[in-house]
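Enquirer: Please find coords-v3.csv (CSV, C-alpha atoms) on the next line:
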chain,number,residue,atom,x,y,z
A,8,MET,CA,14.3,-17.4,-31.5
A,9,SER,CA,13.8,-14.2,-29.4
A,10,ASN,CA,10.0,-14.6,-29.7
A,11,MET,CA,10.3,-18.2,-28.5
A,12,LEU,CA,12.3,-17.1,-25.5
A,13,ILE,CA,9.9,-14.3,-24.7
A,14,ASN,CA,7.0,-16.8,-24.8
A,15,MET,CA,8.8,-19.2,-22.6
A,16,VAL,CA,9.6,-16.5,-20.0
A,17,GLY,CA,6.0,-15.2,-20.2
A,18,GLY,CA,4.6,-18.7,-19.8
A,19,GLU,CA,6.7,-19.3,-16.7
A,20,TRP,CA,5.6,-16.0,-15.1
A,21,GLN,CA,2.0,-16.9,-15.9
A,22,LYS,CA,2.4,-20.2,-14.0
A,23,ILE,CA,2.9,-18.2,-10.8
A,24,LYS,CA,-0.9,-17.9,-10.5
A,25,HIS,CA,-0.9,-21.6,-9.6
A,26,TYR,CA,1.3,-21.0,-6.5
A,27,TYR,CA,1.2,-17.3,-5.5
A,28,ARG,CA,-0.9,-18.2,-2.5
A,29,ASP,CA,1.8,-20.6,-1.4
A,30,ALA,CA,4.4,-17.9,-1.9
A,31,ILE,CA,2.4,-15.6,0.3
A,32,ILE,CA,2.3,-18.3,3.0
A,33,CYS,CA,6.1,-18.4,2.7
A,34,LEU,CA,6.3,-14.7,3.1
A,35,ALA,CA,4.2,-15.0,6.3
A,36,ILE,CA,6.5,-17.7,7.7
A,37,PHE,CA,9.5,-15.5,7.0
A,38,ALA,CA,7.8,-12.4,8.6
A,39,VAL,CA,7.0,-14.3,11.8
A,40,SER,CA,10.5,-15.7,12.0
A,41,SER,CA,12.0,-12.3,11.5
A,42,PHE,CA,9.9,-11.0,14.4
A,43,ALA,CA,11.2,-13.9,16.5
A,44,GLY,CA,14.8,-13.0,15.6
A,45,TYR,CA,14.1,-9.4,16.5
A,46,LEU,CA,12.7,-10.4,19.9
A,47,ALA,CA,15.7,-12.7,20.5
A,48,VAL,CA,18.0,-9.7,20.5
A,49,VAL,CA,15.8,-7.8,22.9
A,50,PHE,CA,15.7,-10.6,25.4
A,51,MET,CA,19.4,-11.6,25.0
A,52,GLY,CA,20.7,-8.1,25.8
A,53,GLY,CA,24.5,-8.1,25.9
A,54,GLU,CA,24.7,-11.8,24.9
A,55,ALA,CA,23.5,-10.9,21.4
A,56,GLU,CA,26.9,-9.7,20.3
A,57,LYS,CA,28.5,-13.2,20.7
A,58,HIS,CA,25.8,-14.7,18.6
A,59,TYR,CA,26.0,-12.0,16.0
A,60,GLU,CA,29.7,-12.7,15.5
A,61,GLY,CA,28.9,-16.4,14.9
A,62,ILE,CA,26.2,-15.5,12.4
A,63,LYS,CA,28.5,-13.1,10.5
A,64,ASN,CA,31.2,-15.7,10.3
A,65,ALA,CA,28.8,-18.4,9.1
A,66,ILE,CA,27.5,-16.1,6.3
A,67,THR,CA,30.8,-14.8,5.1
A,68,GLY,CA,33.1,-17.6,6.1
A,69,GLY,CA,35.1,-15.4,8.4
A,70,GLY,CA,36.1,-12.8,5.8
A,71,MET,CA,34.7,-10.6,3.0
A,72,PRO,CA,34.9,-12.2,-0.4
A,73,GLU,CA,36.9,-10.5,-3.2
A,74,ASN,CA,34.1,-10.6,-5.7
A,75,MET,CA,31.0,-9.6,-3.7
A,76,PHE,CA,28.6,-9.9,-6.7
A,77,SER,CA,29.6,-13.5,-7.5
A,78,PHE,CA,29.6,-14.4,-3.8
A,79,ILE,CA,26.0,-13.1,-3.3
A,80,LEU,CA,24.7,-14.5,-6.5
A,81,SER,CA,26.2,-18.0,-6.1
A,82,ARG,CA,25.1,-18.2,-2.4
A,83,ASN,CA,21.5,-17.2,-3.1
A,84,ALA,CA,21.3,-19.2,-6.3
A,85,THR,CA,22.4,-22.3,-4.5
A,86,VAL,CA,20.0,-21.8,-1.5
A,87,SER,CA,17.1,-21.2,-3.9
A,88,PHE,CA,17.9,-24.2,-6.0
A,89,LEU,CA,18.1,-26.4,-3.0
A,90,VAL,CA,14.8,-25.0,-1.7
A,91,LEU,CA,13.1,-25.7,-5.0
A,92,VAL,CA,14.5,-29.2,-5.5
A,93,LEU,CA,14.6,-30.5,-1.9
A,94,GLY,CA,11.2,-29.0,-1.2
A,95,ILE,CA,9.6,-31.4,-3.7
A,96,PHE,CA,11.2,-34.4,-1.9
A,97,THR,CA,10.6,-33.2,1.7
A,98,TYR,CA,7.0,-32.2,1.3
A,99,SER,CA,8.0,-28.6,1.6
A,100,ALA,CA,9.6,-29.1,5.0
A,101,TRP,CA,13.0,-28.0,3.7
A,102,PRO,CA,11.8,-24.7,2.3
A,103,VAL,CA,9.9,-23.9,5.5
A,104,LEU,CA,13.1,-24.6,7.6
A,105,VAL,CA,15.1,-22.3,5.3
A,106,LEU,CA,12.5,-19.6,5.6
A,107,VAL,CA,12.5,-19.9,9.4
A,108,ILE,CA,16.3,-19.7,9.7
A,109,ASN,CA,16.7,-16.9,7.2
A,110,GLY,CA,13.8,-14.9,8.7
A,111,ALA,CA,15.2,-15.3,12.2
A,112,ILE,CA,18.7,-14.3,11.1
A,113,GLY,CA,17.3,-11.3,9.3
A,114,GLY,CA,15.3,-10.1,12.3
A,115,PHE,CA,18.3,-10.7,14.6
A,116,VAL,CA,20.7,-8.8,12.4
A,117,VAL,CA,18.4,-5.9,11.8
A,118,LYS,CA,17.7,-5.4,15.5
A,119,PHE,CA,21.3,-5.9,16.5
A,120,HIS,CA,22.4,-3.2,14.0
A,121,ALA,CA,19.7,-0.9,15.1
A,122,LEU,CA,21.0,-1.1,18.7
A,123,LEU,CA,24.7,-1.0,17.6
A,124,TYR,CA,24.3,2.1,15.4
A,125,ASN,CA,21.5,3.8,17.4
A,126,GLN,CA,19.1,3.6,14.4
A,127,TYR,CA,15.5,2.7,14.1
A,128,SER,CA,14.9,-0.8,12.9
A,129,PHE,CA,12.6,0.4,10.1
A,130,GLU,CA,15.4,2.6,8.7
A,131,ILE,CA,17.7,-0.5,8.4
A,132,TRP,CA,14.9,-2.5,6.7
A,133,LEU,CA,14.2,0.5,4.4
A,134,PHE,CA,17.8,1.3,3.3
A,135,GLY,CA,19.8,-1.7,4.1
A,136,ILE,CA,17.5,-4.7,3.4
A,137,LEU,CA,14.5,-3.8,1.2
A,138,PRO,CA,16.3,-2.5,-2.0
A,139,HIS,CA,17.9,-5.9,-2.7
A,140,GLY,CA,15.6,-7.8,-0.4
A,141,VAL,CA,12.5,-7.3,-2.5
A,142,PRO,CA,13.8,-9.3,-5.6
A,143,GLU,CA,15.9,-11.6,-3.4
A,144,LEU,CA,13.1,-12.6,-1.1
A,145,SER,CA,10.6,-12.7,-3.9
A,146,ALA,CA,12.8,-15.3,-5.6
A,147,LEU,CA,13.1,-17.3,-2.3
A,148,PHE,CA,9.3,-17.1,-1.7
A,149,LEU,CA,8.5,-18.1,-5.3
A,150,ALA,CA,11.0,-21.0,-5.2
A,151,ALA,CA,9.6,-22.2,-1.9
A,152,GLY,CA,6.0,-21.7,-2.9
A,153,SER,CA,6.4,-23.5,-6.2
A,154,THR,CA,7.4,-26.6,-4.3
A,155,PHE,CA,3.8,-26.9,-3.2
A,156,TYR,CA,2.6,-26.6,-6.8
A,157,TYR,CA,5.1,-29.2,-8.1
A,158,ARG,CA,4.1,-31.6,-5.3
A,159,ARG,CA,0.5,-31.2,-6.4
A,160,LEU,CA,1.5,-32.0,-10.0
A,161,ARG,CA,3.4,-35.2,-8.7
A,162,ARG,CA,0.3,-36.4,-7.0
A,163,ARG,CA,-1.7,-36.0,-10.2
A,164,GLY,CA,1.0,-37.7,-12.3
A,165,GLN,CA,1.7,-34.5,-14.3
A,166,PHE,CA,5.2,-33.7,-12.8
A,167,ALA,CA,8.2,-33.1,-15.0
A,168,TRP,CA,11.7,-31.9,-13.9
A,169,SER,CA,11.9,-29.7,-17.0
A,170,GLY,CA,9.1,-27.6,-15.4
A,171,VAL,CA,11.1,-27.2,-12.2
A,172,MET,CA,14.2,-26.2,-14.1
A,173,LYS,CA,12.2,-23.6,-16.2
A,174,THR,CA,10.8,-22.1,-13.0
A,175,TYR,CA,14.3,-21.8,-11.6
A,176,LEU,CA,16.0,-20.5,-14.7
A,177,LEU,CA,13.3,-18.1,-15.9
A,178,VAL,CA,11.7,-16.9,-12.7
A,179,VAL,CA,14.0,-17.4,-9.7
A,180,LEU,CA,17.5,-16.8,-11.2
A,181,PRO,CA,16.7,-13.5,-12.9
A,182,LEU,CA,15.3,-12.1,-9.7
A,183,LEU,CA,18.5,-13.3,-7.8
A,184,PHE,CA,20.7,-11.7,-10.5
A,185,LEU,CA,18.9,-8.4,-10.0
A,186,ALA,CA,19.1,-8.7,-6.2
A,187,ALA,CA,22.9,-9.4,-6.4
A,188,LEU,CA,23.4,-6.3,-8.6
A,189,VAL,CA,21.4,-4.1,-6.2
A,190,GLU,CA,23.1,-5.5,-3.1
A,191,THR,CA,26.6,-5.1,-4.5
A,192,TYR,CA,26.3,-1.7,-6.2
A,193,VAL,CA,23.3,0.2,-4.7
A,194,THR,CA,22.7,-1.0,-1.1
A,195,PRO,CA,26.2,0.1,0.1
A,196,HIS,CA,25.6,3.6,-1.1
A,197,LEU,CA,22.2,3.8,0.6
A,198,ILE,CA,23.8,2.5,3.8
A,199,GLY,CA,26.6,5.0,3.6
A,200,ARG,CA,24.2,7.9,2.9
A,201,PHE,CA,21.3,7.1,5.3
A,202,LEU,CA,22.6,4.8,8.0
A,203,LEU,CA,26.2,5.6,8.8
Spit out the file's structure as structure tokens when you get a sec.
Expert:
Amino acid sequence: MSNMLINMVGGEWQKIKHYYRDAIICLAIFAVSSFAGYLAVVFMGGEAEKHYEGIKNAITGGGMPENMFSFILSRNATVSFLVLVLGIFTYSAWPVLVLVINGAIGGFVVKFHALLYNQYSFEIWLFGILPHGVPELSALFLAAGSTFYYRRLRRRGQFAWSGVMKTYLLVVLPLLFLAALVETYVTPHLIGRFLL
């Protein structure tokens, strides 16, 4: 039983070779959008604070959740699932939209915090975003990138929803679980030590 599970997981990770270039394109879209969000804060000046409060309320629903781990995991798992499933139906337009919005928000928040706490932006990326962002964004890029692969399979008549679910359960979800653990239990300590 355990060998079968290991083989399934290994096979799913092997499939990434079919869409890793698409995932890299998704990374590039996110990076450009992050830079745009960063520039927005620079050009807005004092107006940025009003927009920041709106972004914060939209993300947290106006308050901090009691169980941060569950909140982070469920939010990211839902977004990635919708990216993967809706991307197949929308010719990958939905994943691109999600990447643009998330990238712009990320760049905006990083630059706003850099100004607010008199830090360099790279320090906020390094200690506040990257520790959990590497697995979290990898999951998002792989989910978005795989939609291109599954659309190619649909055109060839080789598409199956079981493949989509395996990608989600064996590739995307484990990365999101790791990211939620790091964001809940490691990132706050790094922020407290290096940024505050």
Enquirer: If you take only C-alpha atoms and a cut-off of 9 Å, which residues of segment 160-189 of chain A touch segment 73-83 of chain A, and what are their nearest atom pairs and distances in Å to one decimal, in chain and number order, as a Markdown table?
Expert:
| residue | atom | partner | partner_atom | distance |
| --- | --- | --- | --- | --- |
| A:Leu180 | CA | A:Leu80 | CA | 8.9 |
| A:Leu183 | CA | A:Leu80 | CA | 6.4 |
| A:Phe184 | CA | A:Leu80 | CA | 6.3 |
| A:Ala186 | CA | A:Leu80 | CA | 8.1 |
| A:Ala187 | CA | A:Leu80 | CA | 5.4 |
| A:Leu188 | CA | A:Phe76 | CA | 6.6 |
Enquirer: May I have the residues within 10 Å of Leu182 of chain A as an mmCIF file with C-alpha atoms, in the frame of the given file, using only C-alpha atoms and disregarding those fewer than 4 positions away in the same chain?
Expert:
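Writing done, so here's result.cif:
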data_model
loop_
_atom_site.group_PDB
_atom_site.id
_atom_site.type_symbol
_atom_site.label_atom_id
_atom_site.label_comp_id
_atom_site.auth_asym_id
_atom_site.auth_seq_id
_atom_site.Cartn_x
_atom_site.Cartn_y
_atom_site.Cartn_z
ATOM 1 C CA ALA A 84 21.300 -19.200 -6.300
ATOM 2 C CA HIS A 139 17.900 -5.900 -2.700
ATOM 3 C CA VAL A 141 12.500 -7.300 -2.500
ATOM 4 C CA PRO A 142 13.800 -9.300 -5.600
ATOM 5 C CA GLU A 143 15.900 -11.600 -3.400
ATOM 6 C CA LEU A 144 13.100 -12.600 -1.100
ATOM 7 C CA SER A 145 10.600 -12.700 -3.900
ATOM 8 C CA ALA A 146 12.800 -15.300 -5.600
ATOM 9 C CA LEU A 147 13.100 -17.300 -2.300
ATOM 10 C CA TYR A 175 14.300 -21.800 -11.600
ATOM 11 C CA LEU A 176 16.000 -20.500 -14.700
ATOM 12 C CA LEU A 177 13.300 -18.100 -15.900
ATOM 13 C CA VAL A 178 11.700 -16.900 -12.700
ATOM 14 C CA ALA A 186 19.100 -8.700 -6.200
ATOM 15 C CA ALA A 187 22.900 -9.400 -6.400
#
Enquirer: Report, in Å to a single decimal, how far apart atom CA of Ile62 of chain A and atom CA of Phe148 of chain A are.
Expert: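 Atom-to-atom, atom CA of Phe148 of chain A and atom CA of Ile62 of chain A are spaced 22.1 Å apart.
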Enquirer: Residues near Lys173 of chain A, anyone? I mean within 10 Å using only C-alpha atoms, not counting same-chain ones fewer than 4 positions away, as a PyMOL selection string.
Expert: chain A and resi 15-16+18-19+168-169+177-180
Enquirer: Identify which of the residues A:Tyr26, A:Phe155, A:Trp132, A:Trp20 lies closest to Val116 of chain A, counting all atoms listed in the file when measuring atom-to-atom distances.
Expert: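 When distances to Val116 of chain A are compared using all atoms listed in the file, the smallest one comes from A:Trp132.
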Enquirer: Go ahead and compute the interatomic distance for atom CA of Ile131 of chain A and atom CA of Leu106 of chain A, in Å to one decimal.
Expert: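 Distance reported for this atom pair: 20.0 Å.
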Enquirer: Tell me, in Å to one decimal, how far atom CA of Tyr45 of chain A is from atom CA of Val92 of chain A.
Expert: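 Result for atom CA of Tyr45 of chain A versus atom CA of Val92 of chain A: 29.6 Å, one decimal.
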Enquirer: Under the rule that only C-alpha atoms are counted, which of A:Ser99, A:Ser9, A:Thr85, A:Gln21 is the nearest residue to Arg158 of chain A?
Expert: A:Ser99
Enquirer: Looking at all atoms listed in the file, which of A:Asn14, A:Gly140, A:Ala151, A:Arg162 is the one that sits closest to Leu185 of chain A?
Expert: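 Of A:Asn14, A:Gly140, A:Ala151, A:Arg162, the one nearest Leu185 of chain A is A:Gly140, counting all atoms listed in the file.
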Enquirer: Taking only C-alpha atoms into account, which of A:Ala150, A:Ile23, A:Leu123, A:Val49 comes nearest Leu93 of chain A?
Expert: A:Ala150
Enquirer: Using all atoms listed in the file, can you tell me which of A:Gly44, A:Leu137, A:His25, A:Asn10 comes closest to Val189 of chain A?
Expert: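 Among the listed residues, A:Leu137 lies closest to Val189 of chain A.
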Enquirer: Find the residues around Tyr59 of chain A up to 10 Å (all atoms listed in the file counted), leave out those fewer than 5 positions away in its own chain, and share them as a PDB file with C-alpha atoms, keeping the file's coordinate frame.
Expert:
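Output saved as around30.pdb:
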ATOM      1  CA  VAL A  48      18.000  -9.700  20.500  1.00  0.00           C
ATOM      2  CA  GLU A  54      24.700 -11.800  24.900  1.00  0.00           C
ATOM      3  CA  ASN A  64      31.200 -15.700  10.300  1.00  0.00           C
ATOM      4  CA  ALA A  65      28.800 -18.400   9.100  1.00  0.00           C
ATOM      5  CA  ILE A 112      18.700 -14.300  11.100  1.00  0.00           C
ATOM      6  CA  PHE A 115      18.300 -10.700  14.600  1.00  0.00           C
ATOM      7  CA  VAL A 116      20.700  -8.800  12.400  1.00  0.00           C
ATOM      8  CA  PHE A 119      21.300  -5.900  16.500  1.00  0.00           C
ATOM      9  CA  HIS A 120      22.400  -3.200  14.000  1.00  0.00           C
TER      10      HIS A 120
END
Enquirer: From the set A:Ala43, A:Leu89, A:Leu160, A:Met51, which residue has the shortest atom-to-atom contact distance to Ile108 of chain A, counting only C-alpha atoms?
Expert: A:Ala43
Enquirer: Which residues come within 8 Å of Tyr157 of chain A, counting only C-alpha atoms, excluding same-chain residues fewer than 3 positions away, as a PyMOL selection string?
Expert: chain A and resi 95+153-154+160-161+166+171
Enquirer: Would you kindly return, as a list in words, each protein, DNA or RNA residue with an atom no farther than 10 Å from any atom of Leu104 of chain A, considering all atoms listed in the file and excluding same-chain residues fewer than 6 positions away?
Expert: Ile36, Phe37, Val90 and Gly110 of chain A
Enquirer: Residues around (14.1, -7.2, 13.7), cut-off 6 Å, counting all atoms listed in the file - what are they as a PDB file with C-alpha atoms, keeping the file's coordinate frame?
Expert:
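result02.pdb written:
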ATOM      1  CA  SER A  41      12.000 -12.300  11.500  1.00  0.00           C
ATOM      2  CA  PHE A  42       9.900 -11.000  14.400  1.00  0.00           C
ATOM      3  CA  TYR A  45      14.100  -9.400  16.500  1.00  0.00           C
ATOM      4  CA  GLY A 114      15.300 -10.100  12.300  1.00  0.00           C
ATOM      5  CA  PHE A 115      18.300 -10.700  14.600  1.00  0.00           C
ATOM      6  CA  VAL A 117      18.400  -5.900  11.800  1.00  0.00           C
ATOM      7  CA  LYS A 118      17.700  -5.400  15.500  1.00  0.00           C
TER       8      LYS A 118
END
Enquirer: Save segment 131-159 of chain A to disk from that block, N, CA and C atoms included, as a PDB file, in the first residue's frame.
Expert:
ATOM      1  N   ILE A 131      11.884  42.539   3.786  1.00  0.00           N
ATOM      2  CA  ILE A 131      10.516  42.046   3.986  1.00  0.00           C
ATOM      3  C   ILE A 131      10.276  40.806   3.132  1.00  0.00           C
ATOM      4  N   TRP A 132      10.756  40.835   1.862  1.00  0.00           N
ATOM      5  CA  TRP A 132      10.639  39.639   1.026  1.00  0.00           C
ATOM      6  C   TRP A 132      11.384  38.470   1.663  1.00  0.00           C
ATOM      7  N   LEU A 133      12.602  38.737   2.140  1.00  0.00           N
ATOM      8  CA  LEU A 133      13.466  37.672   2.652  1.00  0.00           C
ATOM      9  C   LEU A 133      12.932  37.036   3.928  1.00  0.00           C
ATOM     10  N   PHE A 134      12.489  37.851   4.880  1.00  0.00           N
ATOM     11  CA  PHE A 134      12.073  37.313   6.176  1.00  0.00           C
ATOM     12  C   PHE A 134      10.560  37.174   6.337  1.00  0.00           C
ATOM     13  N   GLY A 135       9.802  38.007   5.649  1.00  0.00           N
ATOM     14  CA  GLY A 135       8.352  37.995   5.846  1.00  0.00           C
ATOM     15  C   GLY A 135       7.563  37.238   4.793  1.00  0.00           C
ATOM     16  N   ILE A 136       8.151  37.056   3.608  1.00  0.00           N
ATOM     17  CA  ILE A 136       7.394  36.441   2.512  1.00  0.00           C
ATOM     18  C   ILE A 136       8.020  35.124   2.042  1.00  0.00           C
ATOM     19  N   LEU A 137       9.294  35.118   1.734  1.00  0.00           N
ATOM     20  CA  LEU A 137       9.912  33.955   1.094  1.00  0.00           C
ATOM     21  C   LEU A 137       9.865  32.650   1.892  1.00  0.00           C
ATOM     22  N   PRO A 138      10.022  32.669   3.227  1.00  0.00           N
ATOM     23  CA  PRO A 138      10.008  31.369   3.933  1.00  0.00           C
ATOM     24  C   PRO A 138       8.748  30.546   3.655  1.00  0.00           C
ATOM     25  N   HIS A 139       7.587  31.174   3.717  1.00  0.00           N
ATOM     26  CA  HIS A 139       6.366  30.436   3.383  1.00  0.00           C
ATOM     27  C   HIS A 139       5.968  30.637   1.929  1.00  0.00           C
ATOM     28  N   GLY A 140       6.471  31.715   1.312  1.00  0.00           N
ATOM     29  CA  GLY A 140       6.107  32.020  -0.057  1.00  0.00           C
ATOM     30  C   GLY A 140       6.662  31.035  -1.074  1.00  0.00           C
ATOM     31  N   VAL A 141       7.831  30.452  -0.782  1.00  0.00           N
ATOM     32  CA  VAL A 141       8.412  29.509  -1.748  1.00  0.00           C
ATOM     33  C   VAL A 141       7.482  28.305  -1.962  1.00  0.00           C
ATOM     34  N   PRO A 142       7.064  27.587  -0.908  1.00  0.00           N
ATOM     35  CA  PRO A 142       6.129  26.486  -1.172  1.00  0.00           C
ATOM     36  C   PRO A 142       4.739  26.962  -1.594  1.00  0.00           C
ATOM     37  N   GLU A 143       4.267  28.070  -1.024  1.00  0.00           N
ATOM     38  CA  GLU A 143       2.918  28.550  -1.355  1.00  0.00           C
ATOM     39  C   GLU A 143       2.827  29.001  -2.805  1.00  0.00           C
ATOM     40  N   LEU A 144       3.785  29.808  -3.240  1.00  0.00           N
ATOM     41  CA  LEU A 144       3.760  30.288  -4.614  1.00  0.00           C
ATOM     42  C   LEU A 144       4.106  29.178  -5.601  1.00  0.00           C
ATOM     43  N   SER A 145       4.971  28.258  -5.199  1.00  0.00           N
ATOM     44  CA  SER A 145       5.251  27.102  -6.063  1.00  0.00           C
ATOM     45  C   SER A 145       3.967  26.325  -6.329  1.00  0.00           C
ATOM     46  N   ALA A 146       3.171  26.135  -5.290  1.00  0.00           N
ATOM     47  CA  ALA A 146       1.887  25.437  -5.454  1.00  0.00           C
ATOM     48  C   ALA A 146       0.981  26.201  -6.411  1.00  0.00           C
ATOM     49  N   LEU A 147       0.922  27.514  -6.254  1.00  0.00           N
ATOM     50  CA  LEU A 147       0.071  28.334  -7.126  1.00  0.00           C
ATOM     51  C   LEU A 147       0.565  28.299  -8.567  1.00  0.00           C
ATOM     52  N   PHE A 148       1.883  28.424  -8.763  1.00  0.00           N
ATOM     53  CA  PHE A 148       2.432  28.410 -10.120  1.00  0.00           C
ATOM     54  C   PHE A 148       2.235  27.046 -10.775  1.00  0.00           C
ATOM     55  N   LEU A 149       2.396  25.973 -10.007  1.00  0.00           N
ATOM     56  CA  LEU A 149       2.198  24.634 -10.565  1.00  0.00           C
ATOM     57  C   LEU A 149       0.719  24.384 -10.887  1.00  0.00           C
ATOM     58  N   ALA A 150      -0.165  24.853 -10.008  1.00  0.00           N
ATOM     59  CA  ALA A 150      -1.603  24.713 -10.291  1.00  0.00           C
ATOM     60  C   ALA A 150      -1.970  25.484 -11.555  1.00  0.00           C
ATOM     61  N   ALA A 151      -1.485  26.726 -11.651  1.00  0.00           N
ATOM     62  CA  ALA A 151      -1.791  27.548 -12.823  1.00  0.00           C
ATOM     63  C   ALA A 151      -1.133  26.972 -14.073  1.00  0.00           C
ATOM     64  N   GLY A 152       0.131  26.582 -13.963  1.00  0.00           N
ATOM     65  CA  GLY A 152       0.841  26.033 -15.115  1.00  0.00           C
ATOM     66  C   GLY A 152       0.244  24.737 -15.616  1.00  0.00           C
ATOM     67  N   SER A 153      -0.251  23.909 -14.701  1.00  0.00           N
ATOM     68  CA  SER A 153      -0.812  22.622 -15.116  1.00  0.00           C
ATOM     69  C   SER A 153      -2.096  22.784 -15.919  1.00  0.00           C
ATOM     70  N   THR A 154      -2.768  23.930 -15.780  1.00  0.00           N
ATOM     71  CA  THR A 154      -3.988  24.136 -16.575  1.00  0.00           C
ATOM     72  C   THR A 154      -3.671  24.160 -18.070  1.00  0.00           C
ATOM     73  N   PHE A 155      -2.497  24.685 -18.424  1.00  0.00           N
ATOM     74  CA  PHE A 155      -2.089  24.682 -19.832  1.00  0.00           C
ATOM     75  C   PHE A 155      -1.897  23.240 -20.317  1.00  0.00           C
ATOM     76  N   TYR A 156      -1.273  22.432 -19.457  1.00  0.00           N
ATOM     77  CA  TYR A 156      -1.036  21.020 -19.782  1.00  0.00           C
ATOM     78  C   TYR A 156      -2.360  20.273 -19.950  1.00  0.00           C
ATOM     79  N   TYR A 157      -3.290  20.468 -19.023  1.00  0.00           N
ATOM     80  CA  TYR A 157      -4.576  19.755 -19.107  1.00  0.00           C
ATOM     81  C   TYR A 157      -5.420  20.237 -20.286  1.00  0.00           C
ATOM     82  N   ARG A 158      -5.278  21.490 -20.648  1.00  0.00           N
ATOM     83  CA  ARG A 158      -5.971  21.954 -21.854  1.00  0.00           C
ATOM     84  C   ARG A 158      -5.394  21.287 -23.100  1.00  0.00           C
ATOM     85  N   ARG A 159      -4.075  21.103 -23.129  1.00  0.00           N
ATOM     86  CA  ARG A 159      -3.466  20.398 -24.269  1.00  0.00           C
ATOM     87  C   ARG A 159      -3.976  18.958 -24.339  1.00  0.00           C
TER      88      ARG A 159
END
